[in-house]
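Data block for final_33.txt (compact mmCIF, C-alpha atoms):
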```txt
# COMPACT_ATOMS: atom_id res chain seq x y z
CA MET N 186 114.20 77.41 75.65
CA VAL N 187 110.97 79.14 74.65
CA LYS N 188 111.45 82.77 73.71
CA PRO N 189 110.01 84.89 76.54
CA ALA N 190 106.92 86.95 75.87
CA LEU N 191 107.41 90.69 76.23
CA ARG N 192 104.53 92.92 77.19
CA VAL N 193 104.54 96.70 77.41
CA LYS N 194 101.73 98.97 78.58
CA LEU N 195 102.24 102.51 77.30
CA PRO N 196 99.81 105.27 76.24
CA LYS N 197 99.83 105.87 72.46
CA ALA N 198 99.98 109.64 72.83
CA ALA N 199 100.98 112.11 75.52
CA LYS N 200 101.13 115.87 76.08
CA ARG N 201 104.51 117.57 75.86
CA GLY N 202 106.14 117.69 79.30
CA GLU N 203 103.74 115.14 80.80
CA ILE N 204 105.11 112.44 83.10
CA VAL N 205 104.20 109.15 81.43
CA GLU N 206 103.98 105.85 83.30
CA ILE N 207 105.13 102.71 81.52
CA MET N 208 104.70 99.10 82.65
CA THR N 209 106.81 96.26 81.26
CA LEU N 210 106.57 92.52 81.77
CA ILE N 211 108.73 89.65 80.59
CA SER N 212 107.84 85.98 81.07
CA HIS N 213 110.88 84.44 82.70
CA PRO N 214 111.31 81.86 85.51
CA MET N 215 114.11 83.85 87.26
CA ASP N 216 115.82 80.73 88.68
CA THR N 217 117.71 81.76 91.80
CA GLY N 218 120.11 78.83 92.00
CA LEU N 219 118.59 77.71 95.33
CA ARG N 220 115.70 75.61 94.01
CA LYS N 221 115.97 71.87 93.30
CA ASP N 222 114.35 69.88 90.50
CA LYS N 223 112.53 66.51 90.86
CA ASP N 224 115.82 64.53 91.06
CA GLY N 225 117.19 66.75 93.82
CA LYS N 226 119.67 68.55 91.63
CA LEU N 227 120.10 72.30 91.99
CA ILE N 228 118.71 74.31 89.08
CA PRO N 229 121.48 76.72 88.05
CA ARG N 230 120.94 80.44 88.42
CA LYS N 231 119.42 82.12 85.38
CA ILE N 232 117.85 85.52 85.88
CA ILE N 233 117.27 88.76 84.04
CA ASN N 234 120.02 90.85 85.60
CA GLU N 235 119.63 94.21 83.89
CA PHE N 236 116.91 96.30 82.26
CA PHE N 237 117.34 99.43 80.15
CA CYS N 238 114.97 101.97 78.68
CA ILE N 239 116.31 104.25 75.93
CA TYR N 240 114.10 107.12 74.73
CA ASN N 241 115.28 108.80 71.52
CA GLY N 242 118.88 107.79 72.20
CA ASP N 243 119.07 108.76 75.89
CA ILE N 244 118.96 106.35 78.79
CA VAL N 245 115.88 107.26 80.82
CA PHE N 246 115.82 104.43 83.35
CA ARG N 247 118.02 101.49 84.19
CA THR N 248 117.79 98.79 86.83
CA ASN N 249 120.07 96.04 88.10
CA MET N 250 118.10 93.06 89.26
CA HIS N 251 119.16 90.31 91.60
CA GLU N 252 117.79 86.95 92.74
CA ALA N 253 115.07 88.50 94.89
CA ILE N 254 112.96 89.70 91.94
CA SER N 255 109.89 87.50 91.37
CA ALA N 256 109.37 85.27 88.35
CA ASN N 257 107.93 87.13 85.36
CA PRO N 258 109.53 90.42 86.46
CA LEU N 259 107.26 93.43 86.22
CA ILE N 260 108.87 96.85 86.08
CA GLN N 261 106.94 100.08 86.21
CA PHE N 262 108.60 103.50 85.93
CA THR N 263 108.07 107.00 84.56
CA PHE N 264 109.62 109.34 82.01
CA ILE N 265 108.97 112.84 80.67
CA ALA N 266 107.41 112.95 77.18
CA LYS N 267 109.51 115.48 75.23
CA GLU N 268 109.01 114.65 71.57
CA SER N 269 107.52 111.90 69.42
CA GLY N 270 109.83 108.98 69.03
CA SER N 271 110.66 105.46 70.00
CA LEU N 272 111.31 103.69 73.27
CA ASP N 273 113.84 100.85 73.09
CA LEU N 274 113.60 98.35 75.92
CA PHE N 275 116.36 95.83 76.67
CA TRP N 276 116.38 92.88 79.06
CA HIS N 277 119.77 91.27 79.71
CA GLU N 278 119.77 87.62 80.79
CA ASP N 279 122.54 85.69 82.57
CA GLY N 280 124.75 84.21 79.84
CA GLY N 281 124.61 87.24 77.58
CA GLU N 282 121.23 86.82 75.89
CA VAL N 283 119.42 90.13 75.24
CA TYR N 284 115.67 90.45 74.63
CA THR N 285 114.55 93.69 73.08
CA THR N 286 111.41 95.43 71.88
CA VAL N 287 110.55 98.88 70.47
CA ARG N 288 107.45 100.98 71.18
CA LYS N 289 106.40 104.29 69.57
CA ILE N 290 104.94 107.27 71.38
CA LYS N 291 103.29 110.37 69.89
CA VAL N 292 103.76 113.71 71.67
CA TYR N 293 101.53 116.65 70.80
CA MET Y 6 88.66 100.00 161.65
CA ASP Y 7 92.19 98.79 162.32
CA ASP Y 8 91.72 95.92 159.97
CA LEU Y 9 90.49 98.23 157.29
CA ILE Y 10 93.52 100.51 157.66
CA ILE Y 11 95.88 97.55 157.49
CA ASN Y 12 94.07 96.31 154.41
CA GLN Y 13 94.38 99.69 152.77
CA GLU Y 14 98.08 99.78 153.52
CA GLU Y 15 98.46 96.32 152.10
CA THR Y 16 96.65 97.26 148.95
CA ARG Y 17 98.79 100.37 148.67
CA LYS Y 18 101.90 98.23 149.03
CA SER Y 19 100.72 95.78 146.43
CA ILE Y 20 99.82 98.60 144.08
CA THR Y 21 103.27 100.12 144.38
CA ARG Y 22 104.80 96.67 143.88
CA ARG Y 23 102.65 96.13 140.81
CA ALA Y 24 103.59 99.53 139.48
CA ALA Y 25 107.26 98.80 140.06
CA ILE Y 26 107.02 95.45 138.27
CA SER Y 27 105.15 96.94 135.33
CA THR Y 28 107.66 99.79 134.93
CA MET Y 29 110.50 97.25 135.12
CA SER Y 30 108.94 95.08 132.43
CA ALA Y 31 108.27 98.16 130.29
CA LEU Y 32 111.93 99.12 130.61
CA VAL Y 33 113.02 95.61 129.62
CA ILE Y 34 110.73 95.63 126.57
CA PHE Y 35 111.97 99.11 125.62
CA SER Y 36 115.60 98.06 125.85
CA ILE Y 37 114.88 95.00 123.67
CA GLU Y 38 113.19 97.20 121.09
CA VAL Y 39 116.07 99.66 121.03
CA SER Y 40 118.67 96.99 120.38
CA HIS Y 41 116.28 95.02 118.15
CA SER Y 42 117.84 96.06 114.85
CA ASN Y 43 121.35 95.16 115.99
CA ILE Y 44 120.32 91.68 117.12
CA TRP Y 45 118.45 90.87 113.96
CA ALA Y 46 120.72 92.34 111.30
CA SER Y 47 122.37 89.55 109.34
CA LYS Y 48 125.98 89.05 108.32
CA GLU Y 49 125.08 89.05 104.62
CA LEU Y 50 123.43 92.43 104.99
CA ASP Y 51 126.47 93.87 106.76
CA ASN Y 52 128.72 92.58 103.98
CA THR Y 53 126.54 94.06 101.23
CA LEU Y 54 126.36 97.39 103.03
CA GLU Y 55 130.15 97.35 103.24
CA ASP Y 56 130.35 96.61 99.51
CA LEU Y 57 127.99 99.49 98.75
CA LYS Y 58 129.89 101.77 101.20
CA VAL Y 59 126.66 102.72 102.91
CA LYS Y 60 125.73 103.01 106.57
CA ILE Y 61 122.09 102.62 107.62
CA MET Y 62 121.01 105.56 109.73
CA SER Y 63 118.98 104.76 112.83
CA GLU Y 64 116.28 107.29 111.88
CA GLY Y 65 114.40 106.79 108.65
CA SER Y 66 114.08 109.59 106.15
CA ASP Y 67 110.72 111.22 105.29
CA ILE Y 68 111.51 111.77 101.62
CA ILE Y 69 111.51 108.02 100.84
CA LYS Y 70 108.15 106.28 100.60
CA LEU Y 71 108.24 102.49 100.66
CA HIS Y 72 104.96 100.90 99.61
CA LEU Y 73 104.72 97.33 100.90
CA PRO Y 74 101.87 95.36 102.46
CA ASN Y 75 102.14 94.87 106.22
CA PHE Y 76 101.97 91.11 105.81
CA SER Y 77 102.06 88.65 102.94
CA TYR Y 78 101.06 84.97 102.86
CA ASP Y 79 103.25 84.21 99.87
CA GLY Y 80 106.80 85.51 99.86
CA SER Y 81 107.38 84.71 96.22
CA ARG Y 82 105.58 87.74 94.81
CA VAL Y 83 105.24 90.68 97.14
CA PRO Y 84 104.12 93.90 95.42
CA PHE Y 85 106.63 96.62 96.05
CA SER Y 86 107.01 100.22 94.98
CA ILE Y 87 109.25 103.08 95.96
CA GLU Y 88 108.99 106.81 95.53
CA VAL Y 89 111.60 109.40 96.52
CA GLN Y 90 110.44 113.00 96.72
CA SER Y 91 112.75 115.09 94.58
CA PRO Y 92 112.39 117.92 92.02
CA MET Y 93 114.32 115.76 89.49
CA THR Y 94 116.07 118.68 87.76
CA GLU Y 95 119.57 118.65 86.26
CA ASN Y 96 121.05 120.04 89.51
CA ASN Y 97 119.03 118.06 92.01
CA TYR Y 98 117.90 114.54 91.28
CA VAL Y 99 117.96 111.03 92.72
CA ARG Y 100 120.77 109.11 91.08
CA LEU Y 101 120.01 105.63 92.37
CA VAL Y 102 118.04 103.64 94.89
CA HIS Y 103 119.26 100.34 96.34
CA VAL Y 104 116.63 97.99 97.74
CA LEU Y 105 117.81 95.42 100.30
CA ALA Y 106 116.22 92.63 102.33
CA GLU Y 107 117.71 91.94 105.74
CA HIS Y 108 117.39 88.14 105.91
CA ASN Y 109 117.25 86.98 102.30
CA PRO Y 110 120.05 84.59 101.27
CA PHE Y 111 121.06 87.28 98.78
CA PRO Y 112 120.18 90.58 100.45
CA ARG Y 113 120.33 92.77 97.33
CA ILE Y 114 116.95 92.96 95.62
CA ALA Y 115 117.45 95.61 92.95
CA THR Y 116 119.12 98.90 92.12
CA PHE Y 117 117.11 101.54 90.25
CA HIS Y 118 119.06 104.18 88.32
CA PHE Y 119 117.16 107.40 87.59
CA THR Y 120 117.94 110.38 85.39
CA PRO Y 121 116.43 113.91 85.23
CA GLN Y 122 114.39 112.63 82.24
CA SER Y 123 112.64 110.16 84.57
CA GLY Y 124 110.40 112.96 85.86
CA LYS Y 125 109.73 111.12 89.12
CA ALA Y 126 111.95 108.87 91.20
CA PHE Y 127 109.37 106.11 91.12
CA ALA Y 128 109.62 102.38 90.41
CA ARG Y 129 107.36 99.40 91.00
CA THR Y 130 108.11 95.68 90.84
CA ARG Y 131 107.42 92.38 92.62
CA ILE Y 132 109.95 90.89 95.02
CA ARG Y 133 110.78 87.62 96.79
CA LEU Y 134 111.21 87.52 100.58
CA SER Y 135 112.40 84.52 102.59
CA LYS Y 136 110.82 85.42 105.94
CA SER Y 137 109.51 88.27 108.10
CA GLN Y 138 112.06 91.04 107.96
CA HIS Y 139 112.86 94.67 107.26
CA VAL Y 140 113.00 95.86 103.66
CA ILE Y 141 115.54 98.65 103.38
CA ALA Y 142 115.83 101.38 100.75
CA VAL Y 143 118.99 103.44 100.29
CA ALA Y 144 118.67 106.50 98.05
CA GLU Y 145 121.65 108.41 96.72
CA LEU Y 146 121.25 111.93 95.32
CA ASN Y 147 123.45 113.45 92.60
CA ASP Y 148 125.39 115.49 95.22
CA GLY Y 149 126.33 112.28 97.05
CA SER Y 150 124.02 112.61 100.05
CA ILE Y 151 122.42 109.38 101.23
CA PHE Y 152 118.97 108.75 102.71
CA THR Y 153 117.64 105.49 104.09
CA ALA Y 154 114.25 104.10 105.05
CA LYS Y 155 113.03 100.70 106.17
CA LYS Y 156 109.74 98.89 106.65
CA TRP Y 157 108.85 95.69 108.51
CA ILE Y 158 106.88 93.01 106.68
CA GLU Y 159 105.46 89.71 107.96
CA VAL Y 160 105.91 86.82 105.52
CA THR Y 161 104.32 83.38 106.02
CA LEU Y 162 105.73 81.30 103.13
CA ASN Y 163 109.36 81.34 102.06
CA GLY Y 164 109.50 82.84 98.58
CA CYS Y 165 113.09 81.92 97.73
CA LYS Y 166 112.87 78.12 97.52
CA GLU Y 167 109.26 77.26 96.66
CA ASP Y 168 107.65 78.06 93.33
```
Full structure transcribed into structure tokens:
Amino acid sequence: MVKPALRVKLPKAAKRGEIVEIMTLISHPMDTGLRKDKDGKLIPRKIINEFFCIYNGDIVFRTNMHEAISANPLIQFTFIAKESGSLDLFWHEDGGEVYTTVRKIKVY
Amino acid sequence: MDDLIINQEETRKSITRRAAISTMSALVIFSIEVSHSNIWASKELDNTLEDLKVKIMSEGSDIIKLHLPNFSYDGSRVPFSIEVQSPMTENNYVRLVHVLAEHNPFPRIATFHFTPQSGKAFARTRIRLSKSQHVIAVAELNDGSIFTAKKWIEVTLNGCKED
């Protein structure tokens, strides 16, 4: 399978104490297990079932996702900018695969 | 003159009859609307609510804001966002929000877990809906209190089976 593309929209810098909005996108078909292929066979379920955001070692936001999330799941959320550091983002797929990316943010 | 009086009486009668019929029909419609949610709620939703140990309150809560379009042609990607009004401090914050769809084959859509570092209890994503139905949000605060809200959405195309 092709490695999914990960996209993150995040401001490079933020004021201390500001609420920062972050948008994440992963290219993934999110097969529900209800769809059939050309031969009439059911395509087995394969979705991104969990998403984490860790900011300087603390979990800021977490979500459990189910079949009813669209293909190419987009997740937008907020966090408080406290100090400069890194944001680790994790997507967990059915079957144990984990896709991860790191983004830096400057706080002044 | 006599004829006129009789006519007037007749019209009066018919008016009262009409009024009676209209009030009756209004009552019938009202009673349907009241019991609407009970008729339409699905078994899958009841089971999930039992699993989550949550009861949907009849009155929606003002602190939850569900942002959904009123109708959508394509059920496979419906923009959706939720915001719960909360100070989001260590002592008072929204712990999690469950999002459910009444008539989807799998009613659970997503669960968002927030922390005081989130700043706002806000999340946005895109969801799949199988048909016209209520989308339900259940918010749980850190002290264990539960708030619910729901919104009706019209969906034309099934988003669960088609691409």
List as CSV every residue of chain N that is in contact with chain Y, defined as an atom at most 7 Å from one of its atoms (using only C-alpha atoms), together with the nearest atom pair and the distance in Å rounded to one decimal, sorted by chain and then rising number.
```
residue,atom,partner,partner_atom,distance
N:Ile204,CA,Y:Gly124,CA,6.0
N:Leu219,CA,Y:Lys166,CA,6.1
N:Arg220,CA,Y:Lys166,CA,5.2
N:Val245,CA,Y:Ser123,CA,5.7
N:Phe246,CA,Y:Phe119,CA,5.3
N:Arg247,CA,Y:His118,CA,5.0
N:Thr248,CA,Y:Phe117,CA,4.4
N:Asn249,CA,Y:Thr116,CA,5.0
N:Met250,CA,Y:Ala115,CA,4.5
N:His251,CA,Y:Ile114,CA,5.3
N:Glu252,CA,Y:Ile114,CA,6.7
N:Ala253,CA,Y:Arg133,CA,4.8
N:Ile254,CA,Y:Ile132,CA,4.5
N:Ser255,CA,Y:Ile132,CA,5.0
N:Pro258,CA,Y:Arg131,CA,6.8
N:Leu259,CA,Y:Thr130,CA,5.2
N:Ile260,CA,Y:Thr130,CA,5.0
N:Gln261,CA,Y:Arg129,CA,4.9
N:Phe262,CA,Y:Ala128,CA,4.7
N:Thr263,CA,Y:Ser123,CA,5.6
N:Phe264,CA,Y:Ser123,CA,4.0
N:Ile265,CA,Y:Gly124,CA,5.4
```
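Residue nearest Asp279 (chain N) within the list N:Arg201, N:Lys194, N:His213, N:Lys267: N:His213 [criterion: smallest interatomic distance, only C-alpha atoms].
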>> Can you tell me which residues surround Arg288 (chain N) at a distance of at most 9 Å, considering all atoms listed in the file, apart from same-chain residues fewer than 6 positions away, and format the answer as a PyMOL selection string?
In response: chain N and resi 193+195+270-274
>> To one decimal place in Å, what is the distance between CA of Asp79 (chain Y) and CA of Trp157 (chain Y)?
In response: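 Spanning CA of Asp79 (chain Y) to CA of Trp157 (chain Y) is a straight-line distance of 15.4 Å.
The residue that comes closest to Gly281 (chain N), out of N:Ile207, N:Ala256, N:Ile232, N:Cys238 and on the basis of only C-alpha atoms, is N:Ile232.
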>> Just the number, please: distance in Å from CA of Tyr284 (chain N) to CA of Glu88 (chain Y), one decimal.
In response: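 Answer for the CA of Tyr284 (chain N) to CA of Glu88 (chain Y) separation: 27.4 Å.
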